[in-house]
file my_file.cif (mmCIF, C-alpha atoms; chains and numbers go by the auth columns)
data_run
#
loop_
_atom_site.group_PDB
_atom_site.id
_atom_site.type_symbol
_atom_site.label_atom_id
_atom_site.label_comp_id
_atom_site.label_asym_id
_atom_site.label_seq_id
_atom_site.Cartn_x
_atom_site.Cartn_y
_atom_site.Cartn_z
_atom_site.B_iso_or_equiv
_atom_site.auth_seq_id
_atom_site.auth_asym_id
ATOM 1 C CA MET A 1 149.252 -51.412 -199.049 0.00 1179 A
ATOM 2 C CA ALA A 2 150.032 -48.390 -201.169 0.00 1180 A
ATOM 3 C CA GLY A 3 150.724 -45.624 -198.658 0.00 1181 A
ATOM 4 C CA ASN A 4 149.984 -45.516 -194.964 0.00 1182 A
ATOM 5 C CA GLY A 5 147.064 -43.089 -194.978 0.00 1183 A
ATOM 6 C CA THR A 6 148.893 -39.953 -193.868 0.00 1184 A
ATOM 7 C CA PRO A 7 149.068 -36.624 -195.741 0.00 1185 A
ATOM 8 C CA ASP A 8 152.718 -37.321 -196.625 0.00 1186 A
ATOM 9 C CA ASP A 9 152.048 -40.929 -197.666 0.00 1187 A
ATOM 10 C CA PRO A 10 148.378 -41.216 -198.718 0.00 1188 A
ATOM 11 C CA TRP A 11 146.699 -44.371 -199.911 0.00 1189 A
ATOM 12 C CA VAL A 12 146.672 -44.514 -203.712 0.00 1190 A
ATOM 13 C CA LEU A 13 143.373 -46.147 -204.644 0.00 1191 A
ATOM 14 C CA LYS A 14 141.032 -46.758 -207.557 0.00 1192 A
ATOM 15 C CA THR A 15 137.282 -46.393 -207.723 0.00 1193 A
ATOM 16 C CA PRO A 16 135.471 -49.763 -207.576 0.00 1194 A
ATOM 17 C CA PRO A 17 135.226 -50.126 -211.392 0.00 1195 A
ATOM 18 C CA GLY A 18 138.954 -49.330 -211.575 0.00 1196 A
ATOM 19 C CA SER A 19 138.296 -46.409 -213.914 0.00 1197 A
ATOM 20 C CA SER A 20 139.746 -43.566 -211.813 0.00 1198 A
ATOM 21 C CA GLU A 21 142.652 -43.209 -209.417 0.00 1199 A
ATOM 22 C CA PHE A 22 142.502 -41.070 -206.259 0.00 1200 A
ATOM 23 C CA THR A 23 144.347 -40.638 -202.990 0.00 1201 A
ATOM 24 C CA ALA A 24 142.995 -40.694 -199.466 0.00 1202 A
ATOM 25 C CA HIS A 25 144.392 -40.020 -196.022 0.00 1203 A
ATOM 26 C CA ARG A 26 143.279 -39.511 -192.449 0.00 1204 A
ATOM 27 C CA ASP A 27 143.322 -36.027 -190.926 0.00 1205 A
ATOM 28 C CA PRO A 28 142.545 -36.570 -187.238 0.00 1206 A
ATOM 29 C CA ALA A 29 143.534 -32.959 -186.395 0.00 1207 A
ATOM 30 C CA ALA A 30 140.807 -31.456 -188.634 0.00 1208 A
ATOM 31 C CA ALA A 31 137.634 -30.120 -187.043 0.00 1209 A
ATOM 32 C CA PRO A 32 135.860 -32.493 -187.309 0.00 1210 A
ATOM 33 C CA PRO A 33 138.411 -35.262 -187.936 0.00 1211 A
ATOM 34 C CA ALA A 34 138.283 -36.119 -191.621 0.00 1212 A
ATOM 35 C CA LEU A 35 138.963 -38.702 -194.259 0.00 1213 A
ATOM 36 C CA VAL A 36 140.413 -36.570 -197.060 0.00 1214 A
ATOM 37 C CA VAL A 37 139.978 -37.752 -200.651 0.00 1215 A
ATOM 38 C CA GLN A 38 141.839 -36.049 -203.491 0.00 1216 A
ATOM 39 C CA VAL A 39 140.459 -36.634 -206.987 0.00 1217 A
ATOM 40 C CA GLY A 40 142.480 -34.633 -209.466 0.00 1218 A
ATOM 41 C CA THR A 41 142.163 -31.017 -208.306 0.00 1219 A
ATOM 42 C CA THR A 42 138.997 -31.707 -206.279 0.00 1220 A
ATOM 43 C CA GLN A 43 139.184 -32.504 -202.597 0.00 1221 A
ATOM 44 C CA VAL A 44 136.274 -34.106 -200.769 0.00 1222 A
ATOM 45 C CA ARG A 45 136.105 -34.752 -197.043 0.00 1223 A
ATOM 46 C CA TYR A 46 134.080 -37.204 -195.024 0.00 1224 A
ATOM 47 C CA HIS A 47 133.790 -37.678 -191.272 0.00 1225 A
ATOM 48 C CA LEU A 48 136.754 -39.832 -190.261 0.00 1226 A
ATOM 49 C CA SER A 49 134.359 -41.980 -188.238 0.00 1227 A
ATOM 50 C CA ALA A 50 132.941 -43.161 -191.585 0.00 1228 A
ATOM 51 C CA ILE A 51 135.557 -45.923 -191.690 0.00 1229 A
ATOM 52 C CA ASP A 52 134.507 -47.540 -188.407 0.00 1230 A
ATOM 53 C CA ASP A 53 130.822 -46.664 -188.781 0.00 1231 A
ATOM 54 C CA LEU A 54 130.560 -48.176 -192.272 0.00 1232 A
ATOM 55 C CA HIS A 55 132.384 -51.310 -191.151 0.00 1233 A
ATOM 56 C CA ALA A 56 130.025 -51.688 -188.169 0.00 1234 A
ATOM 57 C CA MET A 57 126.964 -51.205 -190.373 0.00 1235 A
ATOM 58 C CA LEU A 58 128.211 -53.753 -192.926 0.00 1236 A
ATOM 59 C CA THR A 59 129.014 -56.245 -190.176 0.00 1237 A
ATOM 60 C CA ALA A 60 125.498 -55.875 -188.753 0.00 1238 A
ATOM 61 C CA HIS A 61 124.013 -56.133 -192.257 0.00 1239 A
ATOM 62 C CA GLY A 62 125.868 -59.399 -192.790 0.00 1240 A
ATOM 63 C CA ASP A 63 125.589 -59.602 -196.574 0.00 1241 A
ATOM 64 C CA TRP A 64 126.513 -57.788 -199.780 0.00 1242 A
ATOM 65 C CA LEU A 65 125.216 -54.219 -200.046 0.00 1243 A
ATOM 66 C CA PRO A 66 125.123 -52.203 -203.313 0.00 1244 A
ATOM 67 C CA LEU A 67 127.380 -49.132 -203.326 0.00 1245 A
ATOM 68 C CA GLY A 68 125.063 -46.737 -205.162 0.00 1246 A
ATOM 69 C CA GLY A 69 127.622 -43.906 -205.317 0.00 1247 A
ATOM 70 C CA THR A 70 126.208 -40.704 -206.770 0.00 1248 A
ATOM 71 C CA ASP A 71 126.650 -36.939 -206.566 0.00 1249 A
ATOM 72 C CA GLU A 72 125.013 -34.994 -203.759 0.00 1250 A
ATOM 73 C CA GLN A 73 122.547 -33.307 -206.124 0.00 1251 A
ATOM 74 C CA LYS A 74 121.207 -36.612 -207.497 0.00 1252 A
ATOM 75 C CA ALA A 75 118.593 -38.875 -205.954 0.00 1253 A
ATOM 76 C CA VAL A 76 119.960 -41.836 -204.061 0.00 1254 A
ATOM 77 C CA THR A 77 118.832 -45.449 -204.407 0.00 1255 A
ATOM 78 C CA GLU A 78 117.491 -46.801 -201.121 0.00 1256 A
ATOM 79 C CA GLY A 79 119.257 -49.803 -199.639 0.00 1257 A
ATOM 80 C CA THR A 80 122.722 -48.715 -200.780 0.00 1258 A
ATOM 81 C CA VAL A 81 125.897 -47.602 -199.017 0.00 1259 A
ATOM 82 C CA GLU A 82 125.301 -44.104 -200.451 0.00 1260 A
ATOM 83 C CA ALA A 83 121.766 -43.968 -198.998 0.00 1261 A
ATOM 84 C CA TRP A 84 123.064 -45.014 -195.565 0.00 1262 A
ATOM 85 C CA ALA A 85 125.744 -42.280 -195.726 0.00 1263 A
ATOM 86 C CA ARG A 86 122.993 -39.635 -196.085 0.00 1264 A
ATOM 87 C CA ASP A 87 120.391 -41.115 -193.732 0.00 1265 A
ATOM 88 C CA PRO A 88 119.427 -39.144 -190.608 0.00 1266 A
ATOM 89 C CA SER A 89 119.481 -42.403 -188.616 0.00 1267 A
ATOM 90 C CA ASN A 90 123.187 -43.111 -189.254 0.00 1268 A
ATOM 91 C CA PRO A 91 125.726 -42.455 -186.445 0.00 1269 A
ATOM 92 C CA VAL A 92 126.462 -38.850 -187.566 0.00 1270 A
ATOM 93 C CA GLY A 93 122.777 -38.036 -188.076 0.00 1271 A
ATOM 94 C CA GLY A 94 122.911 -37.459 -191.831 0.00 1272 A
ATOM 95 C CA TRP A 95 125.598 -36.646 -194.363 0.00 1273 A
ATOM 96 C CA TYR A 96 129.082 -38.074 -193.850 0.00 1274 A
ATOM 97 C CA GLY A 97 130.335 -35.613 -196.472 0.00 1275 A
ATOM 98 C CA LEU A 98 131.592 -32.409 -194.858 0.00 1276 A
ATOM 99 C CA LYS A 99 131.361 -29.764 -197.598 0.00 1277 A
ATOM 100 C CA LYS A 100 127.994 -28.833 -199.081 0.00 1278 A
ATOM 101 C CA GLY A 101 128.043 -29.494 -202.813 0.00 1279 A
ATOM 102 C CA LEU A 102 130.700 -32.217 -202.379 0.00 1280 A
ATOM 103 C CA ARG A 103 128.969 -34.451 -199.813 0.00 1281 A
ATOM 104 C CA GLY A 104 128.020 -37.236 -202.213 0.00 1282 A
ATOM 105 C CA ARG A 105 130.023 -40.009 -203.907 0.00 1283 A
ATOM 106 C CA PHE A 106 130.552 -41.699 -200.509 0.00 1284 A
ATOM 107 C CA GLY A 107 129.799 -45.059 -202.166 0.00 1285 A
ATOM 108 C CA VAL A 108 132.575 -44.405 -204.688 0.00 1286 A
ATOM 109 C CA TYR A 109 135.443 -43.203 -202.491 0.00 1287 A
ATOM 110 C CA VAL A 110 134.996 -44.712 -199.016 0.00 1288 A
ATOM 111 C CA PRO A 111 134.572 -48.429 -199.895 0.00 1289 A
ATOM 112 C CA PRO A 112 138.079 -48.659 -201.449 0.00 1290 A
ATOM 113 C CA VAL A 113 139.505 -47.281 -198.187 0.00 1291 A
ATOM 114 C CA LEU A 114 137.827 -50.062 -196.200 0.00 1292 A
ATOM 115 C CA GLU A 115 139.089 -52.573 -198.730 0.00 1293 A
ATOM 116 C CA GLU A 116 142.635 -51.215 -198.415 0.00 1294 A
ATOM 117 C CA LEU A 117 142.403 -51.544 -194.623 0.00 1295 A
ATOM 118 C CA GLY A 118 141.212 -55.153 -194.905 0.00 1296 A
ATOM 119 C CA LEU A 119 137.802 -54.319 -193.407 0.00 1297 A
ATOM 120 C CA ALA A 120 135.650 -55.037 -196.459 0.00 1298 A
ATOM 121 C CA GLU A 121 135.472 -56.840 -199.756 0.00 1299 A
ATOM 122 C CA VAL A 122 134.459 -54.667 -202.727 0.00 1300 A
ATOM 123 C CA GLU A 123 133.408 -55.854 -206.154 0.00 1301 A
ATOM 124 C CA HIS A 124 135.220 -54.373 -209.172 0.00 1302 A
ATOM 125 C CA ASN A 125 132.742 -54.698 -212.023 0.00 1303 A
ATOM 126 C CA ALA A 126 132.098 -52.005 -214.625 0.00 1304 A
ATOM 127 C CA ARG A 127 128.762 -51.142 -212.882 0.00 1305 A
ATOM 128 C CA ASN A 128 126.540 -52.067 -209.946 0.00 1306 A
ATOM 129 C CA ASN A 129 129.301 -52.953 -207.479 0.00 1307 A
ATOM 130 C CA ARG A 130 128.635 -54.165 -203.963 0.00 1308 A
ATOM 131 C CA MET A 131 130.582 -54.530 -200.727 0.00 1309 A
ATOM 132 C CA ARG A 132 130.490 -56.563 -197.538 0.00 1310 A
ATOM 133 C CA ALA A 133 132.377 -56.610 -194.261 0.00 1311 A
ATOM 134 C CA VAL A 134 135.343 -58.936 -193.837 0.00 1312 A
#

call {"tool": "encode", "arguments": {"input": "my_file.cif", "output": "C-alpha cells"}}
result
Amino acid sequence: MAGNGTPDDPWVLKTPPGSSEFTAHRDPAAAPPALVVQVGTTQVRYHLSAIDDLHAMLTAHGDWLPLGGTDEQKAVTEGTVEAWARDPSNPVGGWYGLKKGLRGRFGVYVPPVLEELGLAEVEHNARNNRMRAV
C-alpha cells in the first residue's frame, strides 16, 4: 500500500485508466465524515461511508459493474457505479459527493480506494472500466 489513508500519509492512487495520479485519505472528524480526494489543486469530498456502502452494493450485485465516472453536470449512464452514487435509493439517499459542483466523478476516484484496501478488483483499460467486489 502507498500511504495509510491519513492526511499526513494519504494513499497515492491512479485513476482506473492510469492516466492521472491523485491522493485520498479518510477524515472521520469532518462533518459529515469524509473521504477526501486531492486532484492537483482541486479537492473533492465524498461521504466516508462510500467505502463500505460501495463494497456492500458490489457484493450484493455479485458481478462486474461499469464505473461510468462523469462530472456532476453531465448525464449519467444507468447501471453504473456513478449512477448508483447519485441514486436516491442508495444508503445516503442521493449524492455521495459533498460539495455541489464537485459531486460527480465518484466512479473515477472511489473505485481505486476500494482496490487499494483489497475490497474490489478494478479494470485498468483506456476506457469502459468495470469493478467487482473481492

call {"tool": "residues_near_point", "arguments": {"input": "my_file.cif", "point": "(127.6, -42.8, -190.3)", "cutoff": "7 Å", "atoms": "all atoms listed in the file", "output": "ChimeraX atom specification"}}
result
/A:1228,1231-1232,1263,1268-1270,1274

call {"tool": "resolve_selection", "arguments": {"input": "my_file.cif", "expression": "the PyMOL selection byres ((chain A and resi 1181-1191) around 10)", "output": "list in words"}}
result
Met1179, Ala1180, Lys1192, Thr1193, Pro1194, Gly1196, Ser1198, Glu1199, Phe1200, Thr1201, Ala1202, His1203, Arg1204, Asp1205, Pro1206, Leu1213, Val1214, Val1215, Gln1216, Tyr1287, Pro1290, Val1291, Glu1293, Glu1294 and Leu1295 of chain A

call {"tool": "atom_distance", "arguments": {"input": "my_file.cif", "atom1": "CA of Gly1246 (chain A)", "atom2": "CA of Trp1262 (chain A)"}}
result
10.0 Å

call {"tool": "resolve_selection", "arguments": {"input": "my_file.cif", "expression": "the PyMOL selection byres ((chain A and resi 1276) around 9)", "output": "ChimeraX atom specification"}}
result
/A:1210,1212,1222-1225,1273-1275,1277-1278,1280-1281

call {"tool": "closest_residue", "arguments": {"input": "my_file.cif", "among": "A:Leu1292, A:Ala1304, A:Leu1245, A:Ile1229", "to": "Pro1195 (chain A)", "atoms": "only C-alpha atoms"}}
result
A:Ala1304

call {"tool": "atom_distance", "arguments": {"input": "my_file.cif", "atom1": "CA of Thr1255 (chain A)", "atom2": "CA of Arg1305 (chain A)"}}
result
14.2 Å

call {"tool": "closest_residue", "arguments": {"input": "my_file.cif", "among": "A:His1239, A:Arg1283, A:Arg1264, A:His1233", "to": "Leu1297 (chain A)", "atoms": "all atoms listed in the file"}}
result
A:His1233

call {"tool": "atom_distance", "arguments": {"input": "my_file.cif", "atom1": "CA of Met1309 (chain A)", "atom2": "CA of Val1254 (chain A)"}}
result
16.9 Å

call {"tool": "axis_aligned_box", "arguments": {"input": "my_file.cif", "around": "region 1264-1283 of chain A", "padding_each_side": "5 Å", "output": "lines of an AutoDock Vina configuration file"}}
result
center_x = 125.5
center_y = -36.0
center_z = -195.2
size_x = 22.2
size_y = 24.3
size_z = 27.5

call {"tool": "resolve_selection", "arguments": {"input": "my_file.cif", "expression": "the PyMOL selection byres ((chain A and resi 1299) around 7)", "output": "ChimeraX atom specification"}}
result
/A:1293,1298,1300-1301,1309-1312

call {"tool": "closest_residue", "arguments": {"input": "my_file.cif", "among": "A:Met1235, A:Glu1250, A:Phe1284, A:Pro1244", "to": "Ser1267 (chain A)", "atoms": "only C-alpha atoms"}}
result
A:Met1235

call {"tool": "closest_residue", "arguments": {"input": "my_file.cif", "among": "A:Val1259, A:Ala1208, A:Val1217, A:Ala1253", "to": "Leu1236 (chain A)", "atoms": "only C-alpha atoms"}}
result
A:Val1259

call {"tool": "closest_residue", "arguments": {"input": "my_file.cif", "among": "A:Ser1197, A:Thr1248, A:Gln1221, A:Asn1306", "to": "Gly1285 (chain A)", "atoms": "all atoms listed in the file"}}
result
A:Thr1248
